[in-house]
file work38.txt (compact mmCIF, C-alpha atoms (C1' of nucleotides))
# COMPACT_ATOMS: atom_id res chain seq x y z
CA MET A 1 -4.85 -35.78 -48.00
CA LEU A 2 -4.10 -37.94 -45.00
CA SER A 3 -2.82 -41.36 -45.97
CA LYS A 4 -4.63 -44.47 -44.85
CA LYS A 5 -1.58 -45.19 -42.78
CA THR A 6 -2.20 -42.06 -40.75
CA LYS A 7 -5.88 -42.74 -40.35
CA TYR A 8 -5.15 -46.28 -39.23
CA ALA A 9 -2.55 -44.99 -36.80
CA ILE A 10 -5.02 -42.59 -35.23
CA LYS A 11 -7.67 -45.28 -35.03
CA ALA A 12 -5.24 -47.66 -33.39
CA LEU A 13 -4.14 -45.08 -30.84
CA VAL A 14 -7.71 -44.20 -30.06
CA ALA A 15 -8.62 -47.86 -29.60
CA LEU A 16 -5.62 -48.42 -27.35
CA GLY A 17 -6.47 -45.28 -25.45
CA LYS A 18 -9.92 -46.64 -24.75
CA ASN A 19 -8.63 -50.07 -23.83
CA ILE A 20 -7.88 -49.24 -20.21
CA GLU A 21 -9.46 -52.27 -18.59
CA ASN A 22 -7.32 -55.11 -19.85
CA PRO A 23 -4.18 -54.15 -21.72
CA PRO A 24 -2.16 -55.11 -23.61
CA MET A 25 -4.13 -55.59 -26.81
CA GLN A 26 -2.96 -57.94 -29.55
CA ILE A 27 -2.43 -56.77 -33.12
CA VAL A 28 -4.91 -59.31 -34.44
CA ARG A 29 -7.68 -58.18 -32.13
CA LEU A 30 -6.98 -54.54 -32.88
CA ALA A 31 -6.93 -55.21 -36.62
CA GLU A 32 -10.25 -57.02 -36.51
CA GLN A 33 -11.93 -54.52 -34.25
CA GLU A 34 -10.83 -51.52 -36.30
CA MET A 35 -11.03 -53.28 -39.66
CA ILE A 36 -7.42 -52.58 -40.59
CA PRO A 37 -5.38 -55.05 -42.70
CA ARG A 38 -3.40 -56.98 -40.10
CA LYS A 39 0.08 -56.89 -41.59
CA PHE A 40 -0.26 -53.26 -42.54
CA LEU A 41 -1.29 -52.40 -39.01
CA GLU A 42 1.69 -54.34 -37.75
CA GLN A 43 4.07 -51.99 -39.56
CA ILE A 44 2.23 -48.91 -38.38
CA LEU A 45 2.28 -50.01 -34.74
CA LEU A 46 5.97 -50.71 -35.05
CA ASP A 47 6.60 -47.18 -36.26
CA LEU A 48 4.57 -45.73 -33.41
CA ARG A 49 6.39 -47.95 -30.97
CA ASN A 50 9.82 -46.99 -32.27
CA ALA A 51 8.82 -43.37 -31.92
CA GLY A 52 8.02 -43.99 -28.27
CA TYR A 53 4.25 -43.73 -28.33
CA LEU A 54 3.49 -47.38 -27.76
CA TYR A 55 4.66 -50.06 -25.39
CA SER A 56 4.80 -53.58 -26.70
CA LYS A 57 5.31 -56.94 -25.15
CA LYS A 58 6.15 -60.13 -27.00
CA GLY A 59 5.05 -63.64 -26.23
CA ALA A 60 1.89 -65.11 -24.84
CA GLY A 61 -0.25 -62.49 -23.16
CA GLY A 62 1.68 -59.78 -24.99
CA GLY A 63 0.41 -57.02 -27.20
CA TYR A 64 0.33 -53.26 -27.42
CA SER A 65 -0.64 -50.45 -25.11
CA LEU A 66 -0.08 -46.71 -24.97
CA ASN A 67 3.28 -45.67 -23.61
CA LYS A 68 2.04 -42.18 -22.75
CA ASP A 69 -1.18 -40.76 -21.49
CA ALA A 70 -3.63 -40.24 -24.34
CA LYS A 71 -3.75 -36.55 -23.51
CA ASP A 72 -0.01 -36.30 -24.21
CA ILE A 73 -0.12 -37.78 -27.69
CA TYR A 74 -0.81 -35.06 -30.23
CA LEU A 75 -2.08 -35.51 -33.75
CA VAL A 76 0.81 -33.52 -35.13
CA ASP A 77 3.28 -36.09 -33.84
CA ILE A 78 1.37 -38.96 -35.38
CA LEU A 79 1.07 -37.23 -38.74
CA ARG A 80 4.77 -36.58 -38.80
CA ILE A 81 5.54 -40.22 -38.14
CA THR A 82 3.17 -41.62 -40.70
CA ASP A 83 2.91 -38.92 -43.36
CA GLY A 84 5.98 -36.81 -42.79
CA PRO A 85 5.79 -33.04 -43.24
CA ILE A 86 2.78 -30.96 -42.26
CA ALA A 87 3.59 -28.16 -44.71
CA MET A 88 2.28 -28.17 -48.26
CA VAL A 89 5.68 -27.33 -49.75
CA PRO A 90 8.97 -28.83 -48.55
CA CYS A 91 10.61 -25.42 -48.20
CA ALA A 92 7.96 -24.44 -45.65
CA SER A 93 8.40 -27.51 -43.51
CA LEU A 94 9.64 -27.14 -39.96
CA LYS A 95 10.77 -30.72 -39.41
CA PHE A 96 11.32 -31.97 -42.96
CA TYR A 97 12.75 -28.92 -44.67
CA ARG A 98 13.90 -29.42 -48.25
CA LYS A 99 14.48 -27.01 -51.08
CA CYS A 100 11.69 -27.08 -53.67
CA ASP A 101 12.82 -28.51 -57.00
CA GLU A 102 11.07 -25.84 -58.96
CA CYS A 103 12.31 -22.95 -56.86
CA HIS A 104 15.33 -21.06 -58.07
CA ASP A 105 15.61 -18.45 -55.36
CA GLU A 106 13.97 -19.13 -52.04
CA VAL A 107 14.53 -15.63 -50.74
CA THR A 108 12.34 -14.07 -53.38
CA CYS A 109 9.89 -16.97 -53.61
CA GLY A 110 6.42 -15.49 -53.73
CA ILE A 111 4.56 -18.41 -52.23
CA ARG A 112 6.81 -19.56 -49.42
CA LYS A 113 5.58 -17.07 -46.87
CA THR A 114 1.96 -17.97 -47.57
CA PHE A 115 2.60 -21.65 -47.09
CA ILE A 116 4.55 -21.01 -43.92
CA ASP A 117 1.46 -19.21 -42.65
CA VAL A 118 -0.71 -22.16 -43.66
CA ARG A 119 1.66 -24.50 -41.90
CA ASP A 120 1.59 -22.44 -38.73
CA ALA A 121 -2.19 -22.26 -38.73
CA THR A 122 -2.34 -26.02 -39.17
CA LEU A 123 0.22 -26.67 -36.47
CA LYS A 124 -1.65 -24.46 -34.06
CA ILE A 125 -4.55 -26.85 -34.25
CA LEU A 126 -2.75 -30.16 -34.54
CA THR A 127 -0.33 -29.47 -31.70
CA HIS A 128 -3.27 -28.88 -29.41
CA THR A 129 -5.38 -31.85 -30.35
CA SER A 130 -4.54 -35.04 -28.51
CA ILE A 131 -5.74 -38.60 -28.76
CA ALA A 132 -7.68 -37.91 -25.56
CA ASP A 133 -9.47 -35.08 -27.34
CA VAL A 134 -10.31 -37.35 -30.22
CA ILE A 135 -11.69 -39.94 -27.83
CA ALA A 136 -13.70 -37.29 -26.00
CA ARG A 137 -15.25 -36.15 -29.26
CA GLU A 138 -16.12 -39.65 -30.32
CA THR A 139 -18.01 -40.45 -27.20
CA SER A 140 -19.57 -37.13 -26.33
CA ASP A 141 -22.77 -35.59 -27.62
CA PRO A 142 -22.00 -34.58 -31.19
CA LEU A 143 -24.25 -31.54 -30.91
CA GLN A 144 -21.81 -29.79 -28.67
CA PHE A 145 -19.52 -29.30 -31.64
CA MET B 1 2.15 -31.62 -50.53
CA LEU B 2 1.39 -29.46 -53.50
CA SER B 3 1.71 -31.28 -56.79
CA LYS B 4 4.12 -30.06 -59.43
CA LYS B 5 1.06 -29.34 -61.49
CA THR B 6 -0.07 -26.78 -58.94
CA LYS B 7 3.35 -25.21 -58.63
CA TYR B 8 3.63 -24.95 -62.39
CA ALA B 9 0.16 -23.44 -62.54
CA ILE B 10 1.08 -20.77 -60.02
CA LYS B 11 4.34 -20.03 -61.80
CA ALA B 12 2.55 -19.71 -65.11
CA LEU B 13 -0.08 -17.37 -63.69
CA VAL B 14 2.60 -15.27 -62.06
CA ALA B 15 4.56 -15.08 -65.30
CA LEU B 16 1.45 -14.11 -67.24
CA GLY B 17 0.55 -11.60 -64.57
CA LYS B 18 3.91 -9.94 -65.03
CA ASN B 19 3.71 -10.03 -68.80
CA ILE B 20 1.70 -6.83 -69.16
CA GLU B 21 3.74 -5.20 -71.91
CA ASN B 22 3.21 -7.54 -74.82
CA PRO B 23 0.61 -10.22 -74.34
CA PRO B 24 -0.33 -12.84 -75.34
CA MET B 25 2.51 -15.19 -74.42
CA GLN B 26 3.05 -18.47 -76.24
CA ILE B 27 3.16 -21.79 -74.42
CA VAL B 28 6.63 -22.51 -75.75
CA ARG B 29 8.06 -19.23 -74.49
CA LEU B 30 6.38 -19.64 -71.12
CA ALA B 31 7.62 -23.21 -70.82
CA GLU B 32 11.18 -22.21 -71.59
CA GLN B 33 11.17 -19.17 -69.35
CA GLU B 34 9.72 -21.02 -66.37
CA MET B 35 11.46 -24.32 -67.09
CA ILE B 36 8.26 -26.33 -67.24
CA PRO B 37 7.90 -29.34 -69.57
CA ARG B 38 6.07 -27.92 -72.56
CA LYS B 39 3.37 -30.52 -73.08
CA PHE B 40 2.66 -30.73 -69.38
CA LEU B 41 2.28 -26.97 -69.20
CA GLU B 42 -0.07 -27.14 -72.16
CA GLN B 43 -2.47 -29.31 -70.18
CA ILE B 44 -2.26 -27.11 -67.14
CA LEU B 45 -2.95 -23.95 -69.10
CA LEU B 46 -5.91 -25.63 -70.72
CA ASP B 47 -7.37 -26.45 -67.32
CA LEU B 48 -6.88 -22.89 -66.13
CA ARG B 49 -8.40 -21.58 -69.32
CA ASN B 50 -11.43 -23.86 -69.10
CA ALA B 51 -11.90 -22.68 -65.54
CA GLY B 52 -12.02 -19.10 -66.80
CA TYR B 53 -8.72 -17.79 -65.48
CA LEU B 54 -6.93 -17.51 -68.78
CA TYR B 55 -7.69 -16.13 -72.18
CA SER B 56 -6.19 -17.87 -75.18
CA LYS B 57 -5.85 -17.08 -78.83
CA LYS B 58 -4.86 -19.48 -81.56
CA GLY B 59 -2.81 -18.83 -84.65
CA ALA B 60 0.17 -16.66 -85.38
CA GLY B 61 0.62 -14.05 -82.70
CA GLY B 62 -1.63 -16.03 -80.40
CA GLY B 63 -0.91 -17.34 -76.93
CA TYR B 64 -2.13 -16.98 -73.40
CA SER B 65 -2.91 -14.10 -71.10
CA LEU B 66 -4.77 -13.62 -67.84
CA ASN B 67 -8.51 -13.38 -68.19
CA LYS B 68 -8.88 -11.65 -64.82
CA ASP B 69 -6.89 -9.15 -62.89
CA ALA B 70 -4.07 -10.85 -60.99
CA LYS B 71 -5.52 -9.50 -57.75
CA ASP B 72 -8.73 -11.43 -58.40
CA ILE B 73 -7.12 -14.83 -58.86
CA TYR B 74 -6.75 -16.54 -55.51
CA LEU B 75 -4.46 -19.41 -54.69
CA VAL B 76 -7.35 -21.41 -53.31
CA ASP B 77 -9.02 -21.45 -56.72
CA ILE B 78 -5.87 -22.62 -58.45
CA LEU B 79 -5.26 -25.37 -55.89
CA ARG B 80 -8.78 -26.63 -56.35
CA ILE B 81 -8.37 -26.81 -60.10
CA THR B 82 -5.03 -28.56 -60.07
CA ASP B 83 -4.99 -30.52 -56.81
CA GLY B 84 -8.64 -30.78 -55.87
CA PRO B 85 -9.67 -30.59 -52.22
CA ILE B 86 -8.02 -28.31 -49.68
CA ALA B 87 -9.05 -30.43 -46.69
CA MET B 88 -6.86 -33.25 -45.42
CA VAL B 89 -9.76 -35.70 -45.22
CA PRO B 90 -12.49 -35.97 -47.85
CA CYS B 91 -15.26 -35.73 -45.25
CA ALA B 92 -13.97 -32.29 -44.24
CA SER B 93 -13.89 -30.93 -47.77
CA LEU B 94 -16.14 -28.02 -48.68
CA LYS B 95 -16.04 -28.44 -52.46
CA PHE B 96 -15.06 -32.09 -52.87
CA TYR B 97 -16.93 -33.74 -50.03
CA ARG B 98 -16.77 -37.54 -49.90
CA LYS B 99 -17.33 -40.00 -47.10
CA CYS B 100 -14.08 -41.39 -45.70
CA ASP B 101 -13.63 -45.08 -46.51
CA GLU B 102 -12.43 -45.87 -43.04
CA CYS B 103 -15.15 -43.96 -41.26
CA HIS B 104 -18.16 -45.89 -40.06
CA ASP B 105 -20.11 -43.09 -38.40
CA GLU B 106 -19.35 -39.56 -39.40
CA VAL B 107 -21.45 -38.06 -36.65
CA THR B 108 -19.29 -39.50 -33.91
CA CYS B 109 -16.03 -39.25 -35.84
CA GLY B 110 -13.43 -37.90 -33.48
CA ILE B 111 -11.17 -36.28 -36.02
CA ARG B 112 -13.58 -34.67 -38.43
CA LYS B 113 -14.10 -31.49 -36.43
CA THR B 114 -10.36 -31.01 -36.06
CA PHE B 115 -9.76 -31.33 -39.76
CA ILE B 116 -12.63 -29.00 -40.53
CA ASP B 117 -10.87 -26.48 -38.32
CA VAL B 118 -7.62 -27.08 -40.17
CA ARG B 119 -9.38 -26.65 -43.47
CA ASP B 120 -10.95 -23.38 -42.34
CA ALA B 121 -7.65 -22.02 -41.11
CA THR B 122 -6.06 -22.93 -44.43
CA LEU B 123 -8.89 -21.44 -46.45
CA LYS B 124 -8.69 -18.22 -44.50
CA ILE B 125 -5.19 -17.74 -45.83
CA LEU B 126 -5.54 -19.14 -49.32
CA THR B 127 -8.75 -17.25 -50.10
CA HIS B 128 -6.97 -14.01 -49.30
CA THR B 129 -3.78 -14.58 -51.21
CA SER B 130 -3.92 -13.63 -54.87
CA ILE B 131 -1.51 -13.96 -57.76
CA ALA B 132 -0.95 -10.23 -57.38
CA ASP B 133 0.16 -10.81 -53.79
CA VAL B 134 2.54 -13.51 -54.93
CA ILE B 135 4.01 -11.20 -57.54
CA ALA B 136 4.35 -8.42 -54.98
CA ARG B 137 6.24 -10.72 -52.65
CA GLU B 138 8.57 -11.90 -55.38
CA THR B 139 9.64 -8.46 -56.37
CA SER B 140 9.61 -6.61 -53.08
CA ASP B 141 12.26 -6.45 -50.39
CA PRO B 142 12.25 -9.88 -48.78
CA LEU B 143 13.11 -8.39 -45.40
CA GLN B 144 9.67 -6.91 -45.04
CA PHE B 145 8.30 -10.40 -44.45
C1' DA C 1 -5.95 -19.92 -101.35
C1' DT C 2 -2.17 -21.66 -99.07
C1' DA C 3 1.11 -22.12 -95.58
C1' DA C 4 2.57 -21.35 -91.09
C1' DA C 5 1.75 -20.62 -86.36
C1' DT C 6 -0.54 -21.59 -82.55
C1' DA C 7 -3.84 -23.63 -79.14
C1' DA C 8 -7.17 -27.83 -78.19
C1' DC C 9 -7.85 -32.29 -77.28
C1' DT C 10 -7.13 -37.31 -76.44
C1' DA C 11 -4.52 -41.13 -75.54
C1' DC C 12 -0.78 -43.28 -73.79
C1' DT C 13 3.66 -44.35 -71.15
C1' DA C 14 6.75 -44.10 -67.33
C1' DC C 15 7.67 -43.32 -62.80
C1' DT C 16 6.80 -42.95 -58.07
C1' DT C 17 4.41 -43.60 -53.91
C1' DA C 18 0.92 -45.84 -51.16
C1' DT C 19 -1.11 -49.93 -49.80
C1' DA C 20 -0.94 -54.49 -48.74
C1' DT C 21 1.04 -59.22 -48.22
C1' DA C 22 4.50 -62.93 -47.06
C1' DG C 23 7.63 -65.24 -44.46
C1' DA C 24 11.35 -66.03 -41.42
C1' DC C 25 13.05 -64.57 -36.82
C1' DT C 26 12.83 -63.37 -31.68
C1' DT C 27 10.95 -63.21 -27.17
C1' DT C 28 7.99 -64.67 -23.37
C1' DA C 29 4.69 -67.40 -20.64
C1' DT C 30 3.30 -71.76 -19.28
C1' DA D 1 9.26 -77.64 -25.35
C1' DT D 2 5.55 -75.38 -27.27
C1' DA D 3 2.49 -71.87 -28.41
C1' DA D 4 1.55 -67.13 -28.56
C1' DA D 5 2.73 -63.14 -29.37
C1' DG D 6 5.69 -59.03 -31.53
C1' DT D 7 9.97 -57.80 -34.99
C1' DC D 8 11.95 -57.18 -39.14
C1' DT D 9 12.84 -57.21 -44.10
C1' DA D 10 11.50 -58.12 -48.54
C1' DT D 11 8.28 -58.19 -52.08
C1' DA D 12 3.92 -57.60 -54.75
C1' DT D 13 0.01 -54.82 -56.21
C1' DA D 14 -2.56 -50.73 -56.91
C1' DA D 15 -3.10 -45.98 -57.47
C1' DG D 16 -1.70 -41.60 -58.53
C1' DT D 17 1.56 -38.22 -60.54
C1' DA D 18 4.37 -36.60 -64.10
C1' DG D 19 5.46 -36.41 -68.59
C1' DT D 20 5.14 -37.53 -73.82
C1' DA D 21 3.11 -38.07 -78.45
C1' DG D 22 0.28 -37.22 -81.99
C1' DT D 23 -3.60 -35.49 -84.25
C1' DT D 24 -7.11 -31.80 -84.97
C1' DA D 25 -8.92 -27.09 -85.06
C1' DT D 26 -8.36 -22.24 -85.56
C1' DT D 27 -6.24 -18.01 -86.79
C1' DT D 28 -3.07 -15.06 -89.18
C1' DA D 29 0.10 -13.71 -92.80
C1' DT D 30 1.28 -13.77 -97.46

call {"tool": "encode", "arguments": {"input": "work38.txt", "output": "structure tokens"}}
result
Amino acid sequence: MLSKKTKYAIKALVALGKNIENPPMQIVRLAEQEMIPRKFLEQILLDLRNAGYLYSKKGAGGGYSLNKDAKDIYLVDILRITDGPIAMVPCASLKFYRKCDECHDEVTCGIRKTFIDVRDATLKILTHTSIADVIARETSDPLQF
Amino acid sequence: MLSKKTKYAIKALVALGKNIENPPMQIVRLAEQEMIPRKFLEQILLDLRNAGYLYSKKGAGGGYSLNKDAKDIYLVDILRITDGPIAMVPCASLKFYRKCDECHDEVTCGIRKTFIDVRDATLKILTHTSIADVIARETSDPLQF
DNA sequence: ATAAATAACTACTACTTATATAGACTTTAT
DNA sequence: ATAAAGTCTATATAAGTAGTAGTTATTTAT
């Protein structure tokens, strides 16, 4: 399951992606608008910023805005920042590989291949879905899906 | 990430699936052989039994064995018993549907469709991978994969 | 009939991770 | 100088996962 952190991150990015008129947007405003606990959101935005997805400005008139075009921010990248691995077992993870505790011999592990396939199928979707896509789906006629 | 419970469940089913010579197999033996905490395994086996996947017999000479052919026990079913939903968001779950806390309008939710796609891609694999497949992969030449 | 072997069931404890909060510090605009 | 923001680190709380304990029920062997 996606953590709340990830859901909040996506919501924040979507809100910032829509906020094209008058950036930057302050944490407090964003928190209120999206109903996210303020201090929790603060940490999440910081992570996204440190990963290069957000631009921030301190001081009066400061706030947050996207540091990339919404169409160049993919869900997979966000998930990896906030939740870590995409794979369901550490030994099948591309970016967060770890040996499974329970596994004595990875070479003959009967489930690894399956979960690598699951990971790849998941990646295929998440690497092609951007914040812009999410925004498009929010605002467009739901019947088209 | 898969829980240990799920990994232990798969290991137990695989072990029982291989144990065709002299069933039934006792919890204690299974726990030792697979290095699973005995009392924890006990609970897991009980769940699998109550879900119809295992047959059990009490008393001397009793123990556990598969209640179905290993080729008819699919990973997806095991995951659902031990970990619950396959989907990454509750609102995209087929068998454990729940409204997302953070979601105010599911119809215009921008991520739901994506995570339904992810779920379907995952299901496609997990509904076609059986305990028999896992056993086959364990014992066969790893290079074929 | 009794004892021994085994699973069934329930309750509880410990540990870990996720979620949320607090407060002091830094930068910028006016 | 002051106020308005973000930055950073530490801590508290809640929830979930993993594991343990003990008691009961059933079956088999003698």

call {"tool": "calpha_fit_and_write", "arguments": {"input": "work38.txt", "fixed": "chain A", "moving": "chain B", "output": "tab-separated table (two decimals) with C-alpha atoms, in the frame of the given file"}}
result
chain	number	residue	atom	x	y	z
B	1	MET	CA	-4.86	-35.80	-47.99
B	2	LEU	CA	-4.09	-37.96	-45.02
B	3	SER	CA	-2.80	-41.38	-45.96
B	4	LYS	CA	-4.62	-44.49	-44.84
B	5	LYS	CA	-1.56	-45.21	-42.79
B	6	THR	CA	-2.18	-42.08	-40.75
B	7	LYS	CA	-5.87	-42.77	-40.34
B	8	TYR	CA	-5.14	-46.31	-39.23
B	9	ALA	CA	-2.53	-45.00	-36.81
B	10	ILE	CA	-5.00	-42.61	-35.24
B	11	LYS	CA	-7.66	-45.29	-35.03
B	12	ALA	CA	-5.24	-47.68	-33.38
B	13	LEU	CA	-4.12	-45.09	-30.84
B	14	VAL	CA	-7.71	-44.23	-30.07
B	15	ALA	CA	-8.60	-47.89	-29.62
B	16	LEU	CA	-5.61	-48.44	-27.35
B	17	GLY	CA	-6.45	-45.29	-25.45
B	18	LYS	CA	-9.90	-46.66	-24.75
B	19	ASN	CA	-8.62	-50.08	-23.82
B	20	ILE	CA	-7.84	-49.24	-20.20
B	21	GLU	CA	-9.45	-52.26	-18.57
B	22	ASN	CA	-7.33	-55.11	-19.85
B	23	PRO	CA	-4.20	-54.14	-21.71
B	24	PRO	CA	-2.16	-55.11	-23.62
B	25	MET	CA	-4.13	-55.61	-26.83
B	26	GLN	CA	-2.94	-57.96	-29.55
B	27	ILE	CA	-2.39	-56.80	-33.12
B	28	VAL	CA	-4.86	-59.36	-34.43
B	29	ARG	CA	-7.64	-58.22	-32.12
B	30	LEU	CA	-6.96	-54.57	-32.88
B	31	ALA	CA	-6.90	-55.25	-36.61
B	32	GLU	CA	-10.21	-57.08	-36.49
B	33	GLN	CA	-11.90	-54.56	-34.25
B	34	GLU	CA	-10.81	-51.56	-36.30
B	35	MET	CA	-11.00	-53.32	-39.67
B	36	ILE	CA	-7.40	-52.62	-40.58
B	37	PRO	CA	-5.36	-55.09	-42.67
B	38	ARG	CA	-3.37	-57.00	-40.08
B	39	LYS	CA	0.10	-56.91	-41.59
B	40	PHE	CA	-0.25	-53.27	-42.52
B	41	LEU	CA	-1.28	-52.42	-38.98
B	42	GLU	CA	1.72	-54.35	-37.72
B	43	GLN	CA	4.06	-51.99	-39.56
B	44	ILE	CA	2.23	-48.93	-38.35
B	45	LEU	CA	2.30	-50.04	-34.74
B	46	LEU	CA	5.99	-50.74	-35.04
B	47	ASP	CA	6.61	-47.20	-36.25
B	48	LEU	CA	4.58	-45.75	-33.40
B	49	ARG	CA	6.39	-47.97	-30.95
B	50	ASN	CA	9.83	-47.03	-32.25
B	51	ALA	CA	8.82	-43.41	-31.93
B	52	GLY	CA	8.03	-44.01	-28.27
B	53	TYR	CA	4.25	-43.76	-28.33
B	54	LEU	CA	3.49	-47.40	-27.74
B	55	TYR	CA	4.66	-50.07	-25.38
B	56	SER	CA	4.79	-53.63	-26.65
B	57	LYS	CA	5.25	-57.01	-25.09
B	58	LYS	CA	5.98	-60.23	-26.90
B	59	GLY	CA	4.81	-63.71	-26.09
B	60	ALA	CA	1.60	-65.12	-24.74
B	61	GLY	CA	-0.48	-62.43	-23.14
B	62	GLY	CA	1.56	-59.80	-24.92
B	63	GLY	CA	0.39	-57.03	-27.21
B	64	TYR	CA	0.34	-53.29	-27.43
B	65	SER	CA	-0.63	-50.47	-25.13
B	66	LEU	CA	-0.07	-46.73	-24.99
B	67	ASN	CA	3.28	-45.70	-23.62
B	68	LYS	CA	2.05	-42.20	-22.77
B	69	ASP	CA	-1.16	-40.75	-21.51
B	70	ALA	CA	-3.62	-40.24	-24.36
B	71	LYS	CA	-3.72	-36.54	-23.53
B	72	ASP	CA	0.00	-36.29	-24.24
B	73	ILE	CA	-0.11	-37.77	-27.72
B	74	TYR	CA	-0.79	-35.06	-30.26
B	75	LEU	CA	-2.06	-35.53	-33.77
B	76	VAL	CA	0.82	-33.52	-35.15
B	77	ASP	CA	3.30	-36.09	-33.85
B	78	ILE	CA	1.40	-38.97	-35.38
B	79	LEU	CA	1.09	-37.22	-38.75
B	80	ARG	CA	4.80	-36.59	-38.80
B	81	ILE	CA	5.57	-40.23	-38.13
B	82	THR	CA	3.19	-41.63	-40.71
B	83	ASP	CA	2.92	-38.92	-43.36
B	84	GLY	CA	5.99	-36.80	-42.80
B	85	PRO	CA	5.81	-33.04	-43.26
B	86	ILE	CA	2.81	-30.94	-42.27
B	87	ALA	CA	3.62	-28.12	-44.70
B	88	MET	CA	2.29	-28.13	-48.25
B	89	VAL	CA	5.68	-27.28	-49.74
B	90	PRO	CA	8.96	-28.79	-48.55
B	91	CYS	CA	10.61	-25.37	-48.21
B	92	ALA	CA	7.96	-24.39	-45.65
B	93	SER	CA	8.42	-27.48	-43.51
B	94	LEU	CA	9.66	-27.11	-39.96
B	95	LYS	CA	10.80	-30.70	-39.41
B	96	PHE	CA	11.32	-31.95	-42.96
B	97	TYR	CA	12.76	-28.91	-44.68
B	98	ARG	CA	13.92	-29.40	-48.27
B	99	LYS	CA	14.48	-26.97	-51.10
B	100	CYS	CA	11.67	-27.03	-53.66
B	101	ASP	CA	12.79	-28.47	-57.00
B	102	GLU	CA	11.01	-25.81	-58.95
B	103	CYS	CA	12.26	-22.92	-56.86
B	104	HIS	CA	15.28	-21.03	-58.10
B	105	ASP	CA	15.56	-18.40	-55.38
B	106	GLU	CA	13.93	-19.08	-52.08
B	107	VAL	CA	14.49	-15.58	-50.79
B	108	THR	CA	12.29	-14.02	-53.43
B	109	CYS	CA	9.85	-16.91	-53.63
B	110	GLY	CA	6.38	-15.45	-53.72
B	111	ILE	CA	4.52	-18.36	-52.22
B	112	ARG	CA	6.79	-19.51	-49.43
B	113	LYS	CA	5.57	-17.01	-46.85
B	114	THR	CA	1.96	-17.92	-47.56
B	115	PHE	CA	2.59	-21.60	-47.09
B	116	ILE	CA	4.55	-20.96	-43.92
B	117	ASP	CA	1.47	-19.17	-42.65
B	118	VAL	CA	-0.69	-22.11	-43.66
B	119	ARG	CA	1.67	-24.48	-41.92
B	120	ASP	CA	1.60	-22.40	-38.74
B	121	ALA	CA	-2.17	-22.23	-38.73
B	122	THR	CA	-2.33	-25.99	-39.18
B	123	LEU	CA	0.25	-26.64	-36.49
B	124	LYS	CA	-1.61	-24.44	-34.06
B	125	ILE	CA	-4.52	-26.84	-34.27
B	126	LEU	CA	-2.72	-30.14	-34.58
B	127	THR	CA	-0.30	-29.46	-31.72
B	128	HIS	CA	-3.26	-28.87	-29.43
B	129	THR	CA	-5.36	-31.85	-30.38
B	130	SER	CA	-4.52	-35.04	-28.53
B	131	ILE	CA	-5.73	-38.61	-28.78
B	132	ALA	CA	-7.65	-37.91	-25.59
B	133	ASP	CA	-9.46	-35.07	-27.35
B	134	VAL	CA	-10.31	-37.36	-30.23
B	135	ILE	CA	-11.68	-39.95	-27.85
B	136	ALA	CA	-13.69	-37.30	-26.02
B	137	ARG	CA	-15.24	-36.15	-29.28
B	138	GLU	CA	-16.12	-39.67	-30.33
B	139	THR	CA	-18.00	-40.46	-27.20
B	140	SER	CA	-19.56	-37.14	-26.32
B	141	ASP	CA	-22.75	-35.57	-27.60
B	142	PRO	CA	-22.00	-34.57	-31.18
B	143	LEU	CA	-24.25	-31.54	-30.90
B	144	GLN	CA	-21.80	-29.77	-28.65
B	145	PHE	CA	-19.53	-29.25	-31.64

call {"tool": "interface_residues", "arguments": {"input": "work38.txt", "of": "chain B", "to": "chain D", "cutoff": "6 Å", "atoms": "only C-alpha atoms (C1' of nucleotides)", "output": "PyMOL selection string"}}
result
chain B and resi 58-60

call {"tool": "write_last_selection", "arguments": {"input": "work38.txt", "atoms": "C-alpha atoms", "output": "tab-separated table (two decimals), in the frame of the given file"}}
result
chain	number	residue	atom	x	y	z
B	58	LYS	CA	-4.86	-19.48	-81.56
B	59	GLY	CA	-2.81	-18.83	-84.65
B	60	ALA	CA	0.17	-16.66	-85.38

call {"tool": "atom_distance", "arguments": {"input": "work38.txt", "atom1": "CA of Pro85 in chain A", "atom2": "CA of Met1 in chain B"}}
result
8.3 Å

call {"tool": "interface_residues", "arguments": {"input": "work38.txt", "of": "chain A", "to": "chain C", "cutoff": "12 Å", "atoms": "only C-alpha atoms (C1' of nucleotides)", "output": "list in words"}}
result
Leu2, Ser3, Lys4, Lys5, Thr6, Tyr8, Ile36, Pro37, Arg38, Lys39, Phe40, Leu41, Glu42, Gln43, Ile44, Ser56, Lys57, Lys58, Gly59, Ala60, Gly61, Gly62, Gly63, Thr82 and Asp83 of chain A

call {"tool": "atom_distance", "arguments": {"input": "work38.txt", "atom1": "CA of Ala92 in chain A", "atom2": "CA of Ala51 in chain A"}}
result
23.4 Å

call {"tool": "atom_distance", "arguments": {"input": "work38.txt", "atom1": "CA of Tyr64 in chain A", "atom2": "CA of Arg49 in chain A"}}
result
8.8 Å

call {"tool": "closest_residue", "arguments": {"input": "work38.txt", "among": "B:Phe115, B:Tyr74, B:Tyr53, B:Tyr97", "to": "chain A", "atoms": "all atoms listed in the file"}}
result
B:Phe115

call {"tool": "closest_atom_pairs", "arguments": {"input": "work38.txt", "of": "chain B", "to": "chain A", "cutoff": "6 Å", "atoms": "only C-alpha atoms", "output": "Markdown table"}}
result
| residue | atom | partner | partner_atom | distance |
| --- | --- | --- | --- | --- |
| B:Met1 | CA | A:Met88 | CA | 4.1 |
| B:Leu2 | CA | A:Met88 | CA | 5.5 |
| B:Met88 | CA | A:Met1 | CA | 4.1 |
| B:Val89 | CA | A:Met1 | CA | 5.6 |
| B:Thr108 | CA | A:Glu138 | CA | 4.8 |
| B:Cys109 | CA | A:Glu138 | CA | 5.5 |
| B:Gly110 | CA | A:Glu138 | CA | 4.5 |
| B:Ile111 | CA | A:Val134 | CA | 6.0 |
| B:Val118 | CA | A:Thr122 | CA | 5.5 |
| B:Ala121 | CA | A:Ala121 | CA | 6.0 |
| B:Thr122 | CA | A:Val118 | CA | 5.5 |
| B:Val134 | CA | A:Gly110 | CA | 4.5 |
| B:Arg137 | CA | A:Gly110 | CA | 4.9 |
| B:Glu138 | CA | A:Gly110 | CA | 4.5 |
